[in-house]
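Undergrad: Contents of final17.cif (mmCIF, C-alpha atoms) are given next:
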data_run
loop_
_atom_site.label_atom_id
_atom_site.label_comp_id
_atom_site.auth_asym_id
_atom_site.auth_seq_id
_atom_site.Cartn_x
_atom_site.Cartn_y
_atom_site.Cartn_z
CA MET A 1 -3.28 2.70 0.19
CA CYS A 2 -6.30 0.49 -0.03
CA LEU A 3 -4.97 -2.72 -1.52
CA ILE A 4 -1.50 -4.25 -1.16
CA ALA A 5 -0.15 -7.67 -2.12
CA TRP A 6 3.39 -8.93 -1.86
CA ASN A 7 5.79 -11.83 -2.28
CA TRP A 8 8.34 -11.91 0.55
CA GLN A 9 11.39 -14.07 -0.20
CA PRO A 10 14.09 -12.78 2.14
CA ALA A 11 16.82 -15.19 0.95
CA SER A 12 16.35 -14.40 -2.75
CA ALA A 13 17.81 -11.82 -5.12
CA THR A 14 14.51 -9.90 -4.85
CA PRO A 15 13.47 -10.17 -1.20
CA LEU A 16 10.25 -8.20 -1.67
CA LEU A 17 7.96 -7.73 -4.66
CA LEU A 18 5.03 -5.48 -3.78
CA LEU A 19 1.91 -4.33 -5.66
CA ALA A 20 -0.29 -1.58 -4.29
CA ASN A 21 -3.24 0.65 -5.15
CA ARG A 22 -3.92 3.94 -3.40
CA ASP A 23 -7.61 4.93 -3.39
CA GLU A 24 -8.55 8.49 -2.53
CA PHE A 25 -10.85 11.36 -3.42
CA TYR A 26 -9.72 12.93 -6.70
CA ALA A 27 -9.91 16.38 -5.15
CA ARG A 28 -7.26 15.62 -2.52
CA PRO A 29 -3.97 17.01 -3.87
CA ALA A 30 -0.96 14.72 -4.17
CA ALA A 31 2.54 14.89 -5.61
CA ALA A 32 3.86 12.21 -7.94
CA LEU A 33 6.57 9.74 -6.94
CA HIS A 34 9.76 11.74 -6.28
CA TRP A 35 12.81 12.03 -4.07
CA TRP A 36 11.87 14.09 -1.04
CA GLU A 37 14.03 16.89 0.29
CA GLY A 38 17.24 15.33 1.59
CA ASP A 39 17.24 12.72 -1.19
CA GLN A 40 16.66 9.80 1.21
CA ILE A 41 12.94 9.00 0.73
CA LEU A 42 11.34 8.03 -2.58
CA ALA A 43 7.55 8.31 -2.40
CA GLY A 44 4.48 10.11 -3.57
CA GLN A 45 3.20 12.71 -1.17
CA ASP A 46 -0.17 13.75 0.21
CA LEU A 47 -0.07 17.53 -0.17
CA GLN A 48 -2.93 18.03 2.27
CA ALA A 49 -1.32 16.41 5.32
CA GLY A 50 2.28 16.00 4.14
CA GLY A 51 2.70 12.26 4.61
CA THR A 52 2.67 9.34 2.20
CA TRP A 53 0.97 6.00 1.63
CA LEU A 54 3.94 4.04 0.21
CA GLY A 55 7.65 4.74 0.08
CA VAL A 56 11.18 3.38 0.14
CA SER A 57 14.45 4.74 1.51
CA ARG A 58 17.97 4.86 0.08
CA ASN A 59 19.03 2.05 2.39
CA GLY A 60 16.23 -0.27 1.27
CA ARG A 61 13.54 0.25 3.90
CA LEU A 62 9.90 0.12 2.76
CA ALA A 63 6.63 1.11 4.39
CA ALA A 64 3.03 1.11 3.19
CA LEU A 65 -0.30 1.99 4.76
CA THR A 66 -3.96 1.15 4.33
CA ASN A 67 -6.88 2.73 6.15
CA TYR A 68 -9.31 0.47 8.01
CA ARG A 69 -12.84 0.98 6.68
CA THR A 70 -15.23 2.08 9.40
CA PRO A 71 -18.86 3.04 8.66
CA GLY A 72 -18.76 6.01 11.02
CA GLY A 73 -15.99 7.70 9.06
CA ALA A 74 -12.75 9.21 10.29
CA ARG A 75 -12.44 11.07 13.61
CA ALA A 76 -11.53 14.73 13.30
CA GLY A 77 -8.44 16.16 14.93
CA THR A 78 -6.29 13.03 14.80
CA PRO A 79 -2.71 13.03 13.44
CA SER A 80 -2.17 12.02 9.83
CA ARG A 81 -1.61 8.32 9.32
CA GLY A 82 0.69 9.11 6.40
CA GLU A 83 3.30 10.39 8.85
CA LEU A 84 3.78 6.81 10.07
CA VAL A 85 5.15 5.71 6.69
CA ALA A 86 7.55 8.63 6.45
CA GLY A 87 8.51 8.13 10.09
CA PHE A 88 9.65 4.57 9.49
CA LEU A 89 11.59 5.50 6.35
CA GLN A 90 13.42 8.22 8.28
CA SER A 91 14.04 6.02 11.31
CA SER A 92 17.08 3.87 12.12
CA LEU A 93 14.97 1.57 14.33
CA SER A 94 14.41 -2.01 13.26
CA ALA A 95 10.95 -2.87 11.97
CA ALA A 96 10.12 -4.62 15.25
CA ASP A 97 11.33 -1.74 17.40
CA TYR A 98 9.51 0.88 15.30
CA LEU A 99 6.20 -0.95 15.55
CA GLY A 100 6.84 -1.63 19.22
CA THR A 101 7.09 2.09 19.92
CA LEU A 102 3.97 2.72 17.86
CA GLN A 103 1.77 0.12 19.58
CA ALA A 104 1.11 2.27 22.64
CA ARG A 105 -0.12 5.22 20.60
CA ALA A 106 -1.79 3.43 17.68
CA ALA A 107 -5.23 4.41 19.00
CA ASP A 108 -4.32 8.09 18.65
CA TYR A 109 -4.83 7.68 14.89
CA ASN A 110 -7.83 6.74 12.84
CA PRO A 111 -7.72 2.96 12.23
CA PHE A 112 -4.96 1.73 9.92
CA ASN A 113 -2.77 -1.16 8.87
CA LEU A 114 0.96 -0.48 8.53
CA LEU A 115 3.38 -2.73 6.62
CA VAL A 116 7.11 -2.22 7.20
CA CYS A 117 10.27 -3.91 5.92
CA ASP A 118 13.76 -3.17 7.22
CA GLY A 119 15.50 -5.61 4.88
CA GLN A 120 15.58 -8.35 7.49
CA GLN A 121 11.93 -8.66 8.49
CA LEU A 122 8.52 -7.87 7.04
CA LEU A 123 6.06 -6.90 9.76
CA GLY A 124 2.54 -5.58 10.00
CA LEU A 125 0.64 -3.57 12.59
CA GLU A 126 -3.15 -3.60 12.93
CA SER A 127 -3.93 -0.46 14.86
CA ARG A 128 -7.38 -1.43 16.17
CA GLY A 129 -5.91 -4.07 18.47
CA ALA A 130 -2.36 -2.70 18.43
CA ARG A 131 -1.36 -6.13 17.11
CA VAL A 132 2.06 -6.69 15.51
CA LEU A 133 2.35 -9.51 12.99
CA THR A 134 5.58 -11.14 11.80
CA LEU A 135 4.85 -11.99 8.18
CA SER A 136 6.19 -15.29 6.93
CA ALA A 137 7.96 -15.82 3.63
CA GLY A 138 5.60 -16.14 0.68
CA LEU A 139 2.52 -14.32 -0.51
CA GLY A 140 0.44 -11.95 1.57
CA ALA A 141 -2.04 -9.12 1.22
CA VAL A 142 -4.01 -6.48 3.08
CA SER A 143 -6.84 -4.14 2.17
CA ASN A 144 -9.15 -2.04 4.36
CA ALA A 145 -9.64 -4.73 7.00
CA ASP A 146 -7.24 -6.86 9.04
CA PHE A 147 -4.33 -8.52 7.26
CA GLN A 148 -5.40 -11.42 5.03
CA THR A 149 -9.13 -10.75 5.48
CA PRO A 150 -10.41 -12.56 2.36
CA TRP A 151 -12.24 -9.79 0.57
CA PRO A 152 -12.79 -10.77 -3.09
CA LYS A 153 -10.37 -8.17 -4.50
CA LEU A 154 -7.66 -9.19 -2.04
CA VAL A 155 -8.02 -12.86 -2.92
CA ALA A 156 -8.08 -12.08 -6.65
CA LEU A 157 -4.95 -9.92 -6.50
CA GLN A 158 -3.03 -12.40 -4.40
CA ASN A 159 -4.04 -15.30 -6.65
CA GLY A 160 -3.17 -13.26 -9.72
CA LEU A 161 0.27 -12.50 -8.30
CA GLN A 162 0.77 -16.19 -7.58
CA THR A 163 -0.12 -17.06 -11.18
CA GLN A 164 2.28 -14.45 -12.59
CA ILE A 165 5.08 -15.77 -10.41
CA THR A 166 4.36 -19.40 -11.32
CA THR A 167 4.27 -18.65 -15.05
CA GLY A 168 7.27 -16.33 -14.94
CA HIS A 169 5.35 -13.23 -16.03
CA THR A 170 6.38 -10.75 -13.35
CA ASP A 171 7.17 -7.90 -15.73
CA THR A 172 5.75 -4.61 -14.56
CA PRO A 173 3.04 -4.27 -17.26
CA SER A 174 1.64 -7.69 -16.31
CA LEU A 175 1.58 -6.77 -12.64
CA GLN A 176 0.03 -3.36 -13.35
CA ALA A 177 -2.74 -5.15 -15.24
CA LEU A 178 -3.62 -7.01 -12.02
CA LEU A 179 -3.88 -3.72 -10.15
CA GLN A 180 -6.10 -2.21 -12.83
CA ASP A 181 -8.75 -4.93 -12.74
CA ARG A 182 -12.16 -3.22 -12.61
CA ALA A 183 -14.22 -6.39 -12.15
CA LEU A 184 -16.83 -6.07 -9.39
CA ALA A 185 -17.46 -8.87 -6.94
CA PRO A 186 -20.89 -10.57 -6.99
CA ASP A 187 -23.21 -9.33 -4.27
CA ALA A 188 -23.10 -12.67 -2.45
CA SER A 189 -19.32 -12.26 -1.96
CA LEU A 190 -19.32 -8.65 -0.80
CA PRO A 191 -18.11 -7.85 2.71
CA SER A 192 -20.46 -5.96 4.98
CA THR A 193 -18.61 -2.87 6.18
CA GLY A 194 -21.55 -0.61 6.94
CA VAL A 195 -21.58 1.36 3.69
CA PRO A 196 -24.53 1.30 1.23
CA LEU A 197 -24.69 -1.72 -1.08
CA GLU A 198 -24.07 0.35 -4.23
CA LEU A 199 -20.87 1.74 -2.72
CA GLU A 200 -19.83 -1.68 -1.41
CA ARG A 201 -20.08 -2.95 -4.99
CA ALA A 202 -17.98 -0.10 -6.38
CA LEU A 203 -15.32 -0.60 -3.70
CA SER A 204 -15.07 -4.33 -4.41
CA ALA A 205 -12.92 -3.81 -7.52
CA ALA A 206 -9.14 -3.80 -7.29
CA PHE A 207 -9.21 -0.61 -9.39
CA ILE A 208 -11.96 1.71 -8.16
CA ALA A 209 -13.57 4.27 -10.45
CA THR A 210 -16.45 6.42 -9.19
CA PRO A 211 -17.19 10.05 -10.13
CA ASN A 212 -15.43 11.54 -7.08
CA TYR A 213 -13.32 8.77 -5.59
CA GLY A 214 -11.11 6.08 -7.01
CA THR A 215 -7.71 4.54 -7.51
CA ARG A 216 -5.24 7.41 -7.72
CA ALA A 217 -1.96 5.44 -7.94
CA SER A 218 -0.96 1.90 -8.90
CA SER A 219 2.55 0.95 -7.84
CA VAL A 220 4.97 -1.94 -8.34
CA VAL A 221 8.03 -2.04 -6.11
CA ARG A 222 10.92 -4.49 -6.41
CA LEU A 223 13.10 -4.40 -3.33
CA GLY A 224 16.17 -6.22 -4.55
CA ALA A 225 19.21 -7.23 -2.54
CA GLY A 226 21.19 -4.54 -4.35
CA GLU A 227 18.79 -2.51 -6.47
CA VAL A 228 15.36 -1.04 -5.86
CA GLU A 229 12.86 -0.39 -8.66
CA PHE A 230 9.68 1.63 -8.16
CA THR A 231 7.03 2.22 -10.84
CA GLU A 232 3.99 4.42 -10.19
CA GLN A 233 1.06 5.06 -12.52
CA ARG A 234 -1.31 7.89 -11.59
CA PHE A 235 -4.98 8.35 -12.40
CA ASP A 236 -7.82 10.82 -12.08
CA ALA A 237 -11.51 10.53 -12.96
CA GLN A 238 -10.68 10.58 -16.68
CA GLY A 239 -7.97 7.91 -16.56
CA LEU A 240 -4.19 7.71 -16.67
CA VAL A 241 -2.48 11.06 -16.09
CA GLY A 242 1.16 10.08 -15.63
CA SER A 243 3.76 7.43 -14.92
CA THR A 244 7.10 7.53 -13.09
CA PHE A 245 9.89 4.94 -12.89
CA GLN A 246 12.84 5.18 -10.51
CA SER A 247 15.66 2.74 -9.82
CA PHE A 248 18.67 3.04 -7.54
CA GLN A 249 21.34 1.01 -5.78
CA ARG A 250 20.71 0.49 -2.07
CA ALA A 251 23.05 2.44 0.17
#
Please lay out the structure from this file as C-alpha cells.
TA:
Amino acid sequence: MCLIAWNWQPASATPLLLLANRDEFYARPAAALHWWEGDQILAGQDLQAGGTWLGVSRNGRLAALTNYRTPGGARAGTPSRGELVAGFLQSSLSAADYLGTLQARAADYNPFNLLVCDGQQLLGLESRGARVLTLSAGLGAVSNADFQTPWPKLVALQNGLQTQITTGHTDTPSLQALLQDRALAPDASLPSTGVPLELERALSAAFIATPNYGTRASSVVRLGAGEVEFTEQRFDAQGLVGSTFQSFQRA
C-alpha cells in the first residue's frame, strides 16, 4: 500500500472506514481479493513473496501496510513486509501486543508503516524508529513517509474523505473516485524524497499511472460492528481489469 486514509469511530455502528491504494510494478504478480486457504483471511495476495498489503479476518481484525520511500531502494535479503499484515490477521494477540513484539525486530525489514485494528484499538507502527502510535478517533492517513506527513496527496485524500462524510456521500463509488484522482501536485508542494523530479511529480498523484509502475488496487473497507464490507478495484497499465466485493458477518 502506498496511500491509506481512514475514519476511526470506535463507538459507532461502523468503527472503521478505510480507503487505500496499493502502488506496485505492473509486472509483479498478484491475486485478486479472495478468502485465503482456511477461510479466515480476506485479502489480495502478492504472488511473489506470499504476503499481502491489506486484509481483514473473520473476527473483524484489519491490517494494512505502506512502504517507506527511501532513495537508496530496498535492501536485498530481508523478509517480506507483507508477512506482517498476514501475521496480525492470523494472530490472537491484541493490536498493542502484536506491535510490541514487532518493535524489536522492525529493523530486520525494509522500512514500513503498519496499521492494525483489533476492534478495540487502531494502532500504527513506524519501523524506522520502532515507534508505536495509538491513533485517536477521527480522520487519519499515511503514505510513504511517517504517519500524517502532509504530502499533497495525503492531505487531499483526507480532506476529500472529510467532505464526503460531512455531506453524507460515503457510498463506495464516491470514495473510489477519491482514490482514483490523477491530479499531480505543483512542484512547489512536492516532497523531496531523493528521487528525480519527474518521478516525484508522477508519484504525487493519489492514483499513479506510469508505463511500468502504478496503482494496482483501490480498496474501500467498512469494518462495521457486525458486518464487514470490502471492495477492491484492480488496474494495470491499460486501466481497470477487475472488481471484487465481499461482505460477511463478523465471527
Undergrad: Please write out, as AutoDock Vina command-line options, where the centre of an axis-aligned box around all listed atoms of stretch 217-225 of chain A lies and how long its edges are, in Å to one decimal, after adding 4 Å on each side.
TA:
--center_x 8.6 --center_y -0.9 --center_z -5.7 --size_x 29.2 --size_y 20.7 --size_z 14.4
Undergrad: Which is closest to A:Gln176 among A:Phe248, A:Phe207, A:Trp53, A:Phe88, if we use all atoms listed in the file?
TA: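 Ranked by minimum distance to A:Gln176, first place goes to A:Phe207.
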Undergrad: Running the PyMOL selection byres ((chain A and resi 149-157) around 8) on this model by hand, what would come out? Give it as a PyMOL selection string.
TA: chain A and resi 3-5+141-143+145-148+158-161+178-179+185+189-191+204-206
Undergrad: Could you list, as a ChimeraX atom specification, every residue matched by the PyMOL selection byres ((chain A and resi 73) around 12) in this structure?
TA: /A:67-72,74-76,110-111,193-195
Undergrad: With 12 Å as the threshold, what does the neighbourhood of (-13.2, 1.5, -6.7) contain in terms of residues, counting all atoms listed in the file? Coordinates are those of the file; answer as JSON, numbers by chain.
TA: {"A": [2, 3, 21, 22, 23, 24, 25, 26, 153, 179, 180, 181, 182, 183, 184, 185, 198, 199, 200, 201, 202, 203, 204, 205, 206, 207, 208, 209, 210, 211, 212, 213, 214, 215, 216, 217, 237]}
Undergrad: To one decimal place, how far is atom CA of A:Leu197 from atom CA of A:Phe235 in Å?
TA: 24.9 Å
Undergrad: Suppose you want the space between atom CA of A:Leu114 and atom CA of A:Leu93; what is it in Å?
TA: 15.3 Å
Undergrad: Just the residues within 8 Å of stretch 219-228 of chain A, please, counting only C-alpha atoms, with nothing from its chain fewer than 6 positions along; format it as a list in words.
TA: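 My reading of the contact set: Ser12, Ala13, Thr14, Pro15, Leu16, Leu17, Leu18, Leu19, Ala20, Asn21, Gly60, Thr172, Leu175, Gln176, Ser247, Phe248, Gln249 and Arg250 of chain A.
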Undergrad: Where does the PyMOL selection byres ((chain A and resi 105) around 12) land in this file, that is, which residues does it pick, as a list in words?
TA: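 Taken over the shown coordinates, the PyMOL selection byres ((chain A and resi 105) around 12) returns Thr78, Pro79, Arg81, Leu84, Tyr98, Leu99, Gly100, Thr101, Leu102, Gln103, Ala104, Ala106, Ala107, Asp108, Tyr109, Asn110, Pro111, Leu125, Ser127, Arg128, Gly129, Ala130 and Arg131 of chain A.
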Undergrad: Taking only C-alpha atoms into account, which of A:Gln162, A:Arg28, A:Gly44, A:Met1 comes nearest A:Leu115?
TA: A:Met1
Undergrad: One decimal, Å: what's the distance from atom CA of A:Ser91 over to atom CA of A:Ser243, could you say?
TA: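 These two atoms are separated by 28.2 Å.
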Undergrad: Between A:Val241, A:Leu135, A:Ala30, A:Ala251, which has the minimum distance to A:Leu122 (counting all atoms listed in the file)?
TA: A:Leu135
